[in-house]
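Next comes coords.txt, a file with compact mmCIF, C-alpha atoms and all ligand atoms.
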```txt
# COMPACT_ATOMS: atom_id res chain seq x y z
CA MET A 1 -13.53 12.63 -14.94
CA THR A 2 -15.18 9.22 -14.65
CA VAL A 3 -12.83 6.51 -15.85
CA ASP A 4 -14.48 4.18 -18.37
CA ARG A 5 -13.83 0.73 -16.91
CA ILE A 6 -14.50 -2.73 -18.23
CA LEU A 7 -15.14 -4.92 -15.18
CA PRO A 8 -15.62 -8.70 -15.17
CA THR A 9 -19.02 -8.87 -13.39
CA GLU A 10 -22.13 -6.83 -12.56
CA GLU A 11 -21.17 -7.24 -8.91
CA ALA A 12 -17.86 -5.52 -9.62
CA TYR A 13 -19.65 -2.49 -11.14
CA GLU A 14 -21.81 -2.31 -8.00
CA LEU A 15 -18.72 -2.58 -5.80
CA LEU A 16 -17.03 0.29 -7.65
CA ASP A 17 -20.23 2.38 -7.28
CA LEU A 18 -20.30 1.62 -3.55
CA THR A 19 -16.61 2.57 -3.26
CA ARG A 20 -17.09 5.85 -5.12
CA ASP A 21 -19.99 6.64 -2.82
CA LEU A 22 -18.01 5.75 0.32
CA ALA A 23 -15.01 7.72 -0.90
CA ALA A 24 -17.15 10.81 -1.56
CA ARG A 25 -19.06 10.50 1.73
CA GLU A 26 -16.43 9.30 4.18
CA LEU A 27 -13.03 10.26 2.76
CA ALA A 28 -12.86 13.23 0.42
CA GLY A 29 -13.95 15.91 2.88
CA ARG A 30 -11.89 14.57 5.77
CA ALA A 31 -8.44 13.84 4.37
CA ASP A 32 -7.02 17.35 4.75
CA ALA A 33 -8.04 17.74 8.40
CA PHE A 34 -6.75 14.28 9.41
CA GLU A 35 -3.50 14.90 7.51
CA ALA A 36 -3.05 18.28 9.22
CA ARG A 37 -3.67 16.75 12.66
CA GLY A 38 -1.62 13.62 11.91
CA GLU A 39 -4.58 11.58 13.14
CA PHE A 40 -4.92 7.94 12.12
CA PRO A 41 -8.41 7.28 10.65
CA ARG A 42 -9.10 4.10 12.63
CA GLU A 43 -12.90 4.51 12.71
CA ILE A 44 -13.05 5.25 8.99
CA LEU A 45 -11.16 2.03 8.31
CA ARG A 46 -13.70 0.16 10.46
CA THR A 47 -16.46 1.65 8.33
CA LEU A 48 -14.68 0.44 5.18
CA GLY A 49 -14.13 -2.93 6.85
CA ARG A 50 -17.85 -3.30 7.66
CA SER A 51 -18.55 -2.56 3.99
CA GLY A 52 -16.35 -5.53 3.11
CA LEU A 53 -13.41 -3.57 1.71
CA LEU A 54 -10.71 -5.00 4.01
CA GLY A 55 -10.75 -8.54 2.64
CA LEU A 56 -11.67 -8.04 -0.99
CA PRO A 57 -9.28 -10.37 -2.87
CA TYR A 58 -9.56 -13.32 -0.45
CA PRO A 59 -12.03 -16.20 -0.95
CA GLU A 60 -15.50 -15.90 0.55
CA ALA A 61 -14.96 -19.26 2.27
CA ASP A 62 -12.22 -17.62 4.36
CA GLY A 63 -14.25 -14.52 5.17
CA GLY A 64 -13.13 -12.40 2.22
CA ALA A 65 -15.17 -10.97 -0.63
CA GLY A 66 -13.87 -13.28 -3.37
CA GLN A 67 -13.08 -10.47 -5.79
CA PRO A 68 -10.50 -10.84 -8.58
CA TYR A 69 -7.36 -8.81 -8.05
CA GLU A 70 -8.20 -6.58 -11.01
CA VAL A 71 -11.38 -5.48 -9.22
CA TYR A 72 -9.71 -5.06 -5.83
CA LEU A 73 -7.06 -2.81 -7.42
CA GLN A 74 -9.66 -0.58 -9.01
CA VAL A 75 -11.34 -0.22 -5.62
CA LEU A 76 -7.98 0.83 -4.16
CA GLU A 77 -7.48 3.26 -7.04
CA THR A 78 -10.86 4.85 -6.28
CA LEU A 79 -10.02 5.21 -2.57
CA ALA A 80 -6.56 6.65 -3.32
CA GLY A 81 -8.06 9.45 -5.39
CA SER A 82 -9.82 10.65 -2.25
CA TRP A 83 -7.31 9.83 0.49
CA LEU A 84 -4.05 8.02 -0.15
CA ALA A 85 -3.43 7.05 3.48
CA VAL A 86 -6.71 5.13 3.60
CA ALA A 87 -6.05 3.32 0.32
CA GLU A 88 -2.54 2.47 1.49
CA ALA A 89 -3.98 1.19 4.78
CA VAL A 90 -6.32 -1.16 2.88
CA SER A 91 -3.37 -2.31 0.76
CA VAL A 92 -1.09 -2.92 3.76
CA HIS A 93 -3.84 -4.77 5.63
CA THR A 94 -4.41 -6.99 2.58
CA LEU A 95 -0.66 -7.66 2.47
CA ALA A 96 -0.60 -8.46 6.19
CA CYS A 97 -3.32 -11.10 5.80
CA TYR A 98 -1.36 -12.97 3.14
CA PRO A 99 1.06 -15.03 5.29
CA VAL A 100 -1.68 -16.70 7.36
CA PHE A 101 -3.92 -17.08 4.29
CA ALA A 102 -1.27 -18.73 2.11
CA HIS A 103 0.96 -20.47 4.67
CA GLY A 104 -0.97 -20.64 7.95
CA THR A 105 -1.63 -23.90 9.76
CA GLU A 106 -5.21 -25.11 9.97
CA ARG A 107 -5.50 -23.54 13.41
CA GLN A 108 -4.04 -20.22 12.21
CA ARG A 109 -6.36 -20.18 9.18
CA LYS A 110 -9.32 -20.35 11.58
CA MET A 111 -8.42 -16.73 12.39
CA LEU A 112 -8.99 -15.67 8.76
CA PRO A 113 -12.65 -14.64 9.13
CA ASP A 114 -11.52 -12.29 11.92
CA LEU A 115 -8.49 -10.98 10.00
CA LEU A 116 -10.56 -10.38 6.86
CA GLY A 117 -13.81 -9.43 8.55
CA GLY A 118 -13.16 -5.71 8.76
CA GLU A 119 -12.76 -5.05 12.49
CA LEU A 120 -9.06 -5.91 12.73
CA LEU A 121 -6.08 -4.23 11.12
CA GLY A 122 -2.73 -5.85 10.28
CA ALA A 123 0.90 -4.75 10.04
CA TYR A 124 3.78 -6.21 8.06
CA CYS A 125 7.17 -5.91 9.75
CA LEU A 126 10.08 -6.59 7.41
CA SER A 127 12.24 -3.43 7.24
CA GLU A 128 14.79 -2.56 9.91
CA PRO A 129 16.66 0.66 10.74
CA GLN A 130 19.88 -0.54 9.08
CA GLY A 131 18.21 -1.72 5.89
CA GLY A 132 15.04 -1.99 3.91
CA SER A 133 16.25 -2.85 0.41
CA ASP A 134 18.52 -5.65 1.58
CA ALA A 135 15.75 -7.29 3.58
CA ALA A 136 17.53 -10.66 3.61
CA ALA A 137 20.16 -9.10 5.89
CA LEU A 138 17.66 -8.45 8.69
CA THR A 139 18.97 -8.90 12.21
CA THR A 140 15.87 -9.22 14.43
CA ARG A 141 16.35 -12.61 16.03
CA ALA A 142 13.87 -15.22 17.21
CA THR A 143 15.34 -17.95 19.39
CA ARG A 144 13.60 -21.05 20.62
CA ASP A 145 12.69 -21.56 24.26
CA ALA A 146 10.70 -24.33 25.99
CA THR A 147 7.30 -23.22 24.63
CA GLY A 148 8.02 -21.24 21.48
CA TRP A 149 10.02 -18.22 20.43
CA VAL A 150 11.66 -15.20 22.05
CA VAL A 151 12.05 -12.30 19.65
CA ASN A 152 14.46 -9.37 20.02
CA GLY A 153 15.21 -6.57 17.57
CA VAL A 154 13.88 -3.39 16.01
CA LYS A 155 11.55 -3.15 13.03
CA ALA A 156 11.45 0.20 11.20
CA TRP A 157 8.94 2.16 9.13
CA ILE A 158 6.04 -0.04 10.12
CA THR A 159 2.72 1.18 8.75
CA HIS A 160 -0.07 0.80 11.37
CA ALA A 161 2.46 0.44 14.22
CA GLY A 162 0.50 1.22 17.36
CA HIS A 163 -2.85 0.88 15.55
CA ALA A 164 -2.62 -2.67 14.25
CA ASP A 165 -4.34 -5.60 15.94
CA PHE A 166 -1.83 -8.10 14.58
CA TYR A 167 1.76 -8.01 13.32
CA ASN A 168 3.63 -10.27 10.90
CA ILE A 169 7.21 -10.24 12.09
CA PHE A 170 10.06 -11.47 9.93
CA ALA A 171 12.94 -12.58 12.14
CA ARG A 172 16.17 -14.50 11.87
CA THR A 173 15.86 -18.06 13.10
CA GLY A 174 18.74 -19.58 11.16
CA PRO A 175 21.91 -18.73 9.26
CA ASP A 176 22.69 -15.39 7.57
CA GLY A 177 20.83 -14.58 4.38
CA ALA A 178 17.39 -15.31 2.96
CA ARG A 179 17.34 -18.94 4.10
CA GLY A 180 17.52 -18.14 7.82
CA ILE A 181 14.35 -16.04 8.18
CA SER A 182 10.97 -17.06 9.59
CA CYS A 183 7.56 -15.39 9.73
CA LEU A 184 5.91 -15.03 13.13
CA PHE A 185 2.41 -13.83 13.94
CA ALA A 186 1.94 -11.61 17.00
CA GLU A 187 -1.20 -10.08 18.48
CA ALA A 188 -1.03 -6.42 19.49
CA GLY A 189 -0.53 -5.98 23.20
CA THR A 190 1.65 -9.07 23.60
CA PRO A 191 4.22 -8.13 26.27
CA GLY A 192 7.52 -7.23 24.60
CA LEU A 193 5.96 -5.71 21.45
CA HIS A 194 6.46 -1.95 21.71
CA PRO A 195 5.33 0.39 18.92
CA GLN A 196 7.22 3.69 19.08
CA LYS A 197 6.26 7.29 18.25
CA PRO A 198 5.22 7.91 14.60
CA GLU A 199 7.91 9.24 12.25
CA ARG A 200 7.58 12.87 11.15
CA THR A 201 6.89 12.19 7.49
CA MET A 202 6.76 14.41 4.38
CA GLY A 203 3.28 13.11 3.54
CA LEU A 204 0.90 10.35 4.66
CA ARG A 205 0.86 12.07 8.03
CA SER A 206 -2.44 10.51 9.02
CA SER A 207 -0.76 7.12 8.73
CA ALA A 208 2.88 7.76 9.54
CA PRO A 209 4.96 4.63 10.09
CA ALA A 210 6.83 3.93 13.33
CA GLN A 211 9.46 1.63 14.69
CA VAL A 212 8.40 -1.46 16.61
CA VAL A 213 10.84 -2.49 19.31
CA LEU A 214 10.75 -6.19 20.15
CA GLU A 215 12.10 -6.88 23.59
CA ASP A 216 11.93 -10.46 24.79
CA LEU A 217 8.67 -10.83 22.90
CA HIS A 218 7.49 -14.34 23.73
CA LEU A 219 5.39 -16.15 21.16
CA ASP A 220 4.07 -19.68 21.53
CA ALA A 221 5.33 -22.24 19.01
CA ASP A 222 2.06 -22.08 17.05
CA HIS A 223 2.79 -18.44 16.13
CA LEU A 224 5.26 -19.58 13.48
CA VAL A 225 3.65 -19.08 10.05
CA GLY A 226 4.91 -21.44 7.35
CA ASP A 227 8.14 -23.36 7.66
CA GLU A 228 10.96 -22.49 10.00
CA ASN A 229 13.50 -20.53 7.89
CA GLY A 230 10.94 -20.31 5.07
CA GLY A 231 9.81 -16.77 5.93
CA PHE A 232 11.71 -14.83 3.27
CA ARG A 233 9.80 -16.53 0.49
CA ILE A 234 6.53 -15.65 2.25
CA ALA A 235 7.67 -12.03 2.59
CA MET A 236 8.51 -11.81 -1.13
CA GLU A 237 5.28 -13.50 -2.27
CA ALA A 238 3.28 -11.05 -0.18
CA LEU A 239 5.22 -8.13 -1.69
CA ASP A 240 4.57 -9.28 -5.27
CA ALA A 241 0.86 -8.78 -4.69
CA GLY A 242 1.40 -5.77 -2.42
CA ARG A 243 3.32 -3.96 -5.16
CA LEU A 244 0.23 -4.08 -7.33
CA GLY A 245 -1.64 -2.43 -4.46
CA ILE A 246 0.93 0.38 -4.40
CA ALA A 247 0.61 0.72 -8.20
CA ALA A 248 -3.16 1.12 -7.74
CA CYS A 249 -2.62 3.80 -5.09
CA ALA A 250 -0.33 5.63 -7.53
CA VAL A 251 -2.84 5.43 -10.40
CA GLY A 252 -5.65 6.77 -8.20
CA LEU A 253 -3.53 9.62 -6.89
CA ALA A 254 -2.30 10.56 -10.37
CA GLN A 255 -5.83 10.42 -11.84
CA ALA A 256 -7.04 12.81 -9.13
CA ALA A 257 -4.17 15.17 -9.97
CA VAL A 258 -4.99 15.12 -13.71
CA ASP A 259 -8.67 15.78 -13.02
CA HIS A 260 -7.95 18.64 -10.65
CA ALA A 261 -5.36 20.23 -12.95
CA ALA A 262 -7.61 19.98 -16.02
CA ALA A 263 -10.58 21.51 -14.19
CA TYR A 264 -8.37 24.34 -12.92
CA ALA A 265 -6.91 24.99 -16.37
CA LYS A 266 -10.40 25.45 -17.82
CA GLU A 267 -11.30 28.04 -15.14
CA ARG A 268 -8.08 30.01 -14.75
CA THR A 269 -7.55 32.78 -17.27
CA GLN A 270 -4.35 34.59 -18.27
CA PHE A 271 -3.82 36.87 -21.25
CA GLY A 272 -7.61 36.93 -21.61
CA ARG A 273 -7.98 33.17 -22.21
CA PRO A 274 -8.36 30.05 -20.10
CA ILE A 275 -4.85 28.68 -19.55
CA ALA A 276 -6.09 25.34 -20.98
CA ALA A 277 -6.21 27.08 -24.36
CA PHE A 278 -2.41 27.48 -24.40
CA GLN A 279 -0.95 24.55 -26.26
CA GLY A 280 2.05 24.39 -23.92
CA LEU A 281 -0.31 23.66 -21.05
CA GLY A 282 -2.74 21.49 -23.00
CA PHE A 283 0.11 19.23 -24.10
CA MET A 284 1.24 18.93 -20.49
CA LEU A 285 -2.26 17.79 -19.50
CA ALA A 286 -2.33 15.37 -22.44
CA ASP A 287 0.95 13.79 -21.32
CA MET A 288 -0.28 13.56 -17.72
CA SER A 289 -3.48 11.82 -18.75
CA THR A 290 -1.63 9.45 -21.10
CA GLN A 291 0.76 8.40 -18.34
CA VAL A 292 -2.12 7.60 -16.02
CA SER A 293 -3.89 5.51 -18.67
CA ALA A 294 -0.66 3.63 -19.45
CA ALA A 295 0.00 3.00 -15.74
CA ARG A 296 -3.54 1.68 -15.25
CA ALA A 297 -3.24 -0.62 -18.28
CA LEU A 298 0.06 -2.07 -17.05
CA MET A 299 -1.32 -2.58 -13.54
CA LEU A 300 -4.44 -4.31 -14.83
CA SER A 301 -2.54 -6.57 -17.20
CA ALA A 302 -0.33 -7.76 -14.29
CA ALA A 303 -3.45 -8.24 -12.12
CA ARG A 304 -5.13 -10.31 -14.83
CA LEU A 305 -2.08 -12.60 -14.99
CA LYS A 306 -2.35 -13.05 -11.22
CA ASP A 307 -6.09 -13.71 -11.46
CA ALA A 308 -5.39 -16.35 -14.12
CA GLY A 309 -2.90 -18.07 -11.79
CA ARG A 310 0.02 -17.24 -14.09
CA PRO A 311 3.44 -15.92 -12.95
CA TYR A 312 3.08 -12.17 -12.48
CA SER A 313 5.87 -10.99 -10.21
CA ILE A 314 8.01 -9.29 -12.91
CA GLU A 315 4.92 -7.61 -14.40
CA ALA A 316 3.96 -6.47 -10.90
CA ALA A 317 7.43 -4.94 -10.47
CA LYS A 318 7.03 -3.12 -13.81
CA ALA A 319 3.57 -1.86 -12.83
CA LYS A 320 4.82 -0.59 -9.45
CA LEU A 321 7.82 1.08 -11.07
CA PHE A 322 5.91 2.71 -13.91
CA ALA A 323 2.81 3.74 -11.98
CA THR A 324 4.66 5.32 -9.08
CA ASP A 325 7.15 7.15 -11.31
CA ALA A 326 4.15 8.35 -13.35
CA ALA A 327 2.39 9.53 -10.17
CA MET A 328 5.47 11.54 -9.19
CA ARG A 329 5.70 13.17 -12.66
CA VAL A 330 1.97 13.80 -12.91
CA THR A 331 1.62 15.34 -9.45
CA THR A 332 4.71 17.50 -10.11
CA ASP A 333 3.10 18.73 -13.33
CA ALA A 334 -0.22 19.29 -11.57
CA VAL A 335 1.55 21.69 -9.20
CA GLN A 336 2.96 23.44 -12.29
CA VAL A 337 -0.46 23.76 -13.93
CA LEU A 338 -1.76 25.53 -10.84
CA GLY A 339 1.27 27.86 -10.68
CA GLY A 340 1.60 29.52 -7.26
CA TYR A 341 -1.72 28.02 -6.19
CA GLY A 342 -0.21 24.58 -6.66
CA TYR A 343 2.41 25.35 -4.05
CA VAL A 344 0.00 26.08 -1.20
CA SER A 345 -2.28 23.77 0.70
CA ASP A 346 -5.51 25.49 -0.46
CA HIS A 347 -5.50 22.96 -3.31
CA PRO A 348 -4.90 19.22 -2.75
CA VAL A 349 -2.21 18.98 -5.45
CA GLU A 350 0.38 20.17 -2.91
CA ARG A 351 -0.47 17.17 -0.69
CA TRP A 352 -0.65 14.74 -3.59
CA PHE A 353 2.84 15.84 -4.72
CA ARG A 354 4.23 15.06 -1.25
CA GLU A 355 2.33 11.79 -1.09
CA ALA A 356 3.43 10.55 -4.51
CA LYS A 357 7.05 10.52 -3.35
CA VAL A 358 6.56 7.77 -0.83
CA LEU A 359 5.10 5.42 -3.43
CA GLN A 360 8.48 5.34 -5.18
CA ILE A 361 10.02 4.13 -1.90
CA VAL A 362 7.66 1.65 -0.20
CA GLU A 363 7.40 -2.10 -0.86
CA GLY A 364 10.74 -2.07 -2.66
CA THR A 365 12.16 1.20 -3.95
CA ASN A 366 11.93 1.77 -7.68
CA GLN A 367 15.64 0.98 -7.94
CA ILE A 368 14.87 -2.42 -6.43
CA GLN A 369 12.04 -2.92 -8.95
CA ARG A 370 14.60 -2.23 -11.70
CA VAL A 371 16.95 -4.78 -10.11
CA VAL A 372 14.13 -7.37 -10.17
CA ILE A 373 13.19 -6.60 -13.78
CA SER A 374 16.76 -6.45 -15.10
CA ARG A 375 17.64 -9.75 -13.37
CA SER A 376 14.73 -11.41 -15.11
CA LEU A 377 16.16 -10.26 -18.43
CA THR A 378 19.77 -11.17 -17.84
CA SER A 379 19.87 -14.23 -15.59
C1 LIG A 401 5.82 5.76 4.77
C2 LIG A 401 6.55 4.45 4.77
C3 LIG A 401 5.85 3.31 5.11
C4 LIG A 401 6.51 2.07 5.15
N1 LIG A 401 5.83 0.96 5.57
C5 LIG A 401 6.51 -0.21 5.75
C6 LIG A 401 5.87 -1.34 6.35
O1 LIG A 401 4.67 -1.32 6.67
N2 LIG A 401 6.61 -2.47 6.56
C7 LIG A 401 7.93 -2.55 6.23
O2 LIG A 401 8.53 -3.59 6.44
N3 LIG A 401 8.58 -1.48 5.67
C8 LIG A 401 7.90 -0.32 5.43
N4 LIG A 401 8.54 0.78 4.88
C9 LIG A 401 9.97 0.68 4.60
C10 LIG A 401 10.30 0.68 3.10
O3 LIG A 401 9.93 -0.54 2.53
C11 LIG A 401 11.79 0.99 3.00
O4 LIG A 401 11.98 2.34 3.34
C12 LIG A 401 12.34 0.71 1.61
O5 LIG A 401 12.33 -0.67 1.35
C13 LIG A 401 13.77 1.23 1.46
O6 LIG A 401 14.59 0.85 2.50
P1 LIG A 401 15.49 1.95 3.24
O7 LIG A 401 14.60 3.08 3.63
O8 LIG A 401 16.23 1.25 4.32
O9 LIG A 401 16.47 2.49 2.15
P2 LIG A 401 17.86 1.78 1.65
O10 LIG A 401 17.62 0.33 1.45
O11 LIG A 401 18.92 2.21 2.61
O12 LIG A 401 18.05 2.48 0.27
C14 LIG A 401 18.60 3.79 0.12
C15 LIG A 401 18.74 4.07 -1.36
O13 LIG A 401 19.64 3.12 -1.97
C16 LIG A 401 18.99 2.52 -3.08
N5 LIG A 401 19.44 1.13 -3.22
C17 LIG A 401 19.53 0.17 -2.26
N6 LIG A 401 19.96 -0.99 -2.78
C18 LIG A 401 20.12 -0.79 -4.10
C19 LIG A 401 20.53 -1.61 -5.21
N7 LIG A 401 20.82 -2.91 -5.04
N8 LIG A 401 20.60 -1.04 -6.44
C20 LIG A 401 20.28 0.26 -6.64
N9 LIG A 401 19.89 1.08 -5.64
C21 LIG A 401 19.80 0.56 -4.40
C22 LIG A 401 17.50 2.59 -2.76
O14 LIG A 401 16.71 2.47 -3.94
C23 LIG A 401 17.42 3.96 -2.13
O15 LIG A 401 17.34 4.93 -3.14
C24 LIG A 401 7.89 2.01 4.80
C25 LIG A 401 8.58 3.17 4.44
C26 LIG A 401 7.93 4.39 4.42
C27 LIG A 401 8.72 5.62 4.06
```
Rewrite the coordinates I just gave you, this time as structure tokens.
Ligand SMILES: Cc1cc2nc3c(=O)[nH]c(=O)nc-3n(C[C@H](O)[C@H](O)[C@H](O)COP(=O)(O)OP(=O)(O)OC[C@H]3O[C@@H](n4cnc5c(N)ncnc54)[C@H](O)[C@@H]3O)c2cc1C
Amino acid sequence: MTVDRILPTEEAYELLDLTRDLAARELAGRADAFEARGEFPREILRTLGRSGLLGLPYPEADGGAGQPYEVYLQVLETLAGSWLAVAEAVSVHTLACYPVFAHGTERQRKMLPDLLGGELLGAYCLSEPQGGSDAAALTTRATRDATGWVVNGVKAWITHAGHADFYNIFARTGPDGARGISCLFAEAGTPGLHPQKPERTMGLRSSAPAQVVLEDLHLDADHLVGDENGGFRIAMEALDAGRLGIAACAVGLAQAAVDHAAAYAKERTQFGRPIAAFQGLGFMLADMSTQVSAARALMLSAARLKDAGRPYSIEAAKAKLFATDAAMRVTTDAVQVLGGYGYVSDHPVERWFREAKVLQIVEGTNQIQRVVISRSLTS
């Protein structure tokens, strides 16, 4: 089903057309094979990058495409319907460009055209083996030496580990808690930065995260992004926007599941009728479709607040929470609509069901989103 979208400019309609075309040509037919092989689609991401999709919401003056967030998210949604790992990669790269964009020194910001230009890929290293939700308790330590910083510790679950060209590393440079964390920028291949083997994940196998071991990683002083001990705020600001990216991935995945399930229900017959004709099943499809529309509306309303320069972080938390829970319910129901055929890999709903799960976990679990939302109501 084509989603009827109201976009702010003619250019945005053209961009969505281009994305649909790219997704059909470059992604849809390849996802299953790459997922089965656990192969990271680096070249495909370069192709997307050369089409301008890796720097969409950043200003043209910095090398981005100057698109409003609401347009960028609908591009992500379109990619996610074809291949979640690729959409998530675009979202994580966009997140990884944020610290230098928003807090970089003049010299660091000179790198922006390269970071946003499409050839490079970024990683965002906040989580650690002993904790992801309580990120302010991180233990990776950066200590000063004569020329800069020496970083030691282990980062966990890092998307693009081993494939990224640059890493944002959040490390302790001061006292315990959120006020003792700094953000450091490291190029891939810097001695002491060691990506490990990919995790054996339930889904997203073509872009499985990995640990990054930091062993006497030396970074010159000018690799500090933002203020010393001001890194936690940068990490949280980046995640506010990143959560909308994850919501968009969830909406795209769930829309694909509704479309596939509805098409199947029209074809499959039981008791001499298409199964879509049974009200029990039709109502299930109606609920699935309604959840996707509601998730998209919530995501876009948060994005429009961001585009208008208004506070949006609580609305982003709600959008991430609602859209990813909806994607889990919708993909679960899509499996049900297909019956036994939903449980085998001949149809993509089996993969989408496994992939939806991770969206409830990344960039703040949905329990953490509820913590954020409930605090805003009660504090
Ligand atoms: C595929 C994948 C990709 C990822 N990519 C990245 C990445 O690129 N960069 C990065 O930094 N991290 C990344 N992560 C890590 C992710 O952000 C963390 O897994 C997530 O934040 C949860 O942390 P945890 O796994 O340590 O779980 P924990 O924090 O140990 O949580 C375990 C459970 O306890 C619950 N819980 C914790 N605290 C509370 C609370 N206060 N109230 C209620 N419930 C609570 C959680 O919701 C969860 O259900 C990725 C993870 C995955 C699986």
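Distance check against ligand LIG 401 (chain A) using only C-alpha atoms and all ligand atoms: of A:Asp346, A:Asp307, A:Glu106, A:Glu363, the minimum falls on A:Glu363.
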Original post:
So which one's closest to Ala80 of chain A, A:Thr19, A:Asn366, A:Gln279, A:Thr47? Using only C-alpha atoms, please.
Top reply: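 The answer is A:Thr19, which sits nearest to Ala80 of chain A.
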**OP:** Compile the contact shell of Ala257 of chain A as a list in words: residues with an atom at most 8 Å away, counting only C-alpha atoms, same-chain residues fewer than 5 positions apart removed.
**Re:** Val330, Thr331, Ala334, Val349 and Trp352 of chain A
Subject >> Environment of ligand LIG 401 (chain A) within 6 Å, counting only C-alpha atoms and all ligand atoms, reported as an NGL selection string >> reply: :A and (124-127 or 131-133 or 157-159 or 208-209 or 358 or 361-365 or 367-368)
Quick one: residues within 12 Å of Glu60 of chain A, only C-alpha atoms, excluding same-chain residues fewer than 4 positions away - as a short mmCIF file (atom, residue, chain, number, x, y, z; two decimals) with C-alpha atoms, in the frame of the given file?
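Written out: out.cif:
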```
data_model
loop_
_atom_site.label_atom_id
_atom_site.label_comp_id
_atom_site.auth_asym_id
_atom_site.auth_seq_id
_atom_site.Cartn_x
_atom_site.Cartn_y
_atom_site.Cartn_z
CA GLY A 52 -16.35 -5.53 3.11
CA GLY A 55 -10.75 -8.54 2.64
CA LEU A 56 -11.67 -8.04 -0.99
CA GLY A 64 -13.13 -12.40 2.22
CA ALA A 65 -15.17 -10.97 -0.63
CA GLY A 66 -13.87 -13.28 -3.37
CA GLN A 67 -13.08 -10.47 -5.79
CA PRO A 68 -10.50 -10.84 -8.58
CA LEU A 112 -8.99 -15.67 8.76
CA PRO A 113 -12.65 -14.64 9.13
CA LEU A 116 -10.56 -10.38 6.86
CA GLY A 117 -13.81 -9.43 8.55
#
```
**OP:** Choose the residue, out of A:Val213, A:Ala135, A:Val251, A:Leu120, that has the smallest atom-to-atom separation from Ala294 of chain A; count only C-alpha atoms.
**Re:**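 Closest residue, counting only C-alpha atoms: A:Val251.
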Original post:
Quick one: distance from atom CA of Leu73 of chain A to atom CA of Leu53 of chain A in Å, one decimal?
Top reply: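 Here the two named atoms are 11.1 Å from each other.
In this model, the gap between atom CA of Val344 of chain A and atom CA of Asp32 of chain A comes to 12.7 Å.
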Original post:
Using all atoms listed in the file, which residues sit within 12 Å of Thr147 of chain A once same-chain residues fewer than 5 positions away are excluded, as a PyMOL selection string?
Top reply: chain A and resi 218-224
Subject >> For segment 160-168 of chain A: contacts at 7 Å, all atoms listed in the file, fewer than 6 positions along chain excluded, given as a PyMOL selection string >> reply: chain A and resi 96+120-125+183-188+195+207+209-210+212
Subject >> Shell of 12 Å around Ala286 of chain A, only C-alpha atoms, local chain residues under 2 positions omitted, as a PyMOL selection string >> reply: chain A and resi 258-259+261-262+276+279-284+288-293+330+333-334
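The shortest atom-to-atom distance to Ser51 of chain A, with all atoms listed in the file taken into account, belongs to A:Gly118 out of A:Gly252, A:Gly118, A:Pro311, A:Pro175.
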Original post:
Quick one: of A:Leu359, A:Ile314, A:Leu214, A:Val100, who's nearest to Ala85 of chain A, counting all atoms listed in the file?
Top reply: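 Using all atoms listed in the file, the shortest distance to Ala85 of chain A belongs to A:Leu359.
Interatomic distance, atom CA of Ala28 of chain A against atom CA of Thr269 of chain A: 26.9 Å.
Comparing the minimum interatomic distances between Gly148 of chain A and each of A:Thr173, A:Gln74, A:Ser82, A:Thr94, counting only C-alpha atoms, we find that A:Thr173 sits nearest.
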**OP:** List every protein, DNA or RNA residue that has an atom no more than 7 Å from (10.9, 7.7, 13.4) in the file's coordinate frame, counting only C-alpha atoms, and report them as a PyMOL selection string.
**Re:** chain A and resi 197-200+210-211
Those same residues - C-alpha atoms - I'd like them written as a PDB file, keeping the file's coordinate frame.
```pdb
ATOM      1  CA  LYS A 197       6.260   7.290  18.250  1.00  0.00           C
ATOM      2  CA  PRO A 198       5.220   7.910  14.600  1.00  0.00           C
ATOM      3  CA  GLU A 199       7.910   9.240  12.250  1.00  0.00           C
ATOM      4  CA  ARG A 200       7.580  12.870  11.150  1.00  0.00           C
ATOM      5  CA  ALA A 210       6.830   3.930  13.330  1.00  0.00           C
ATOM      6  CA  GLN A 211       9.460   1.630  14.690  1.00  0.00           C
TER       7      GLN A 211
END
```
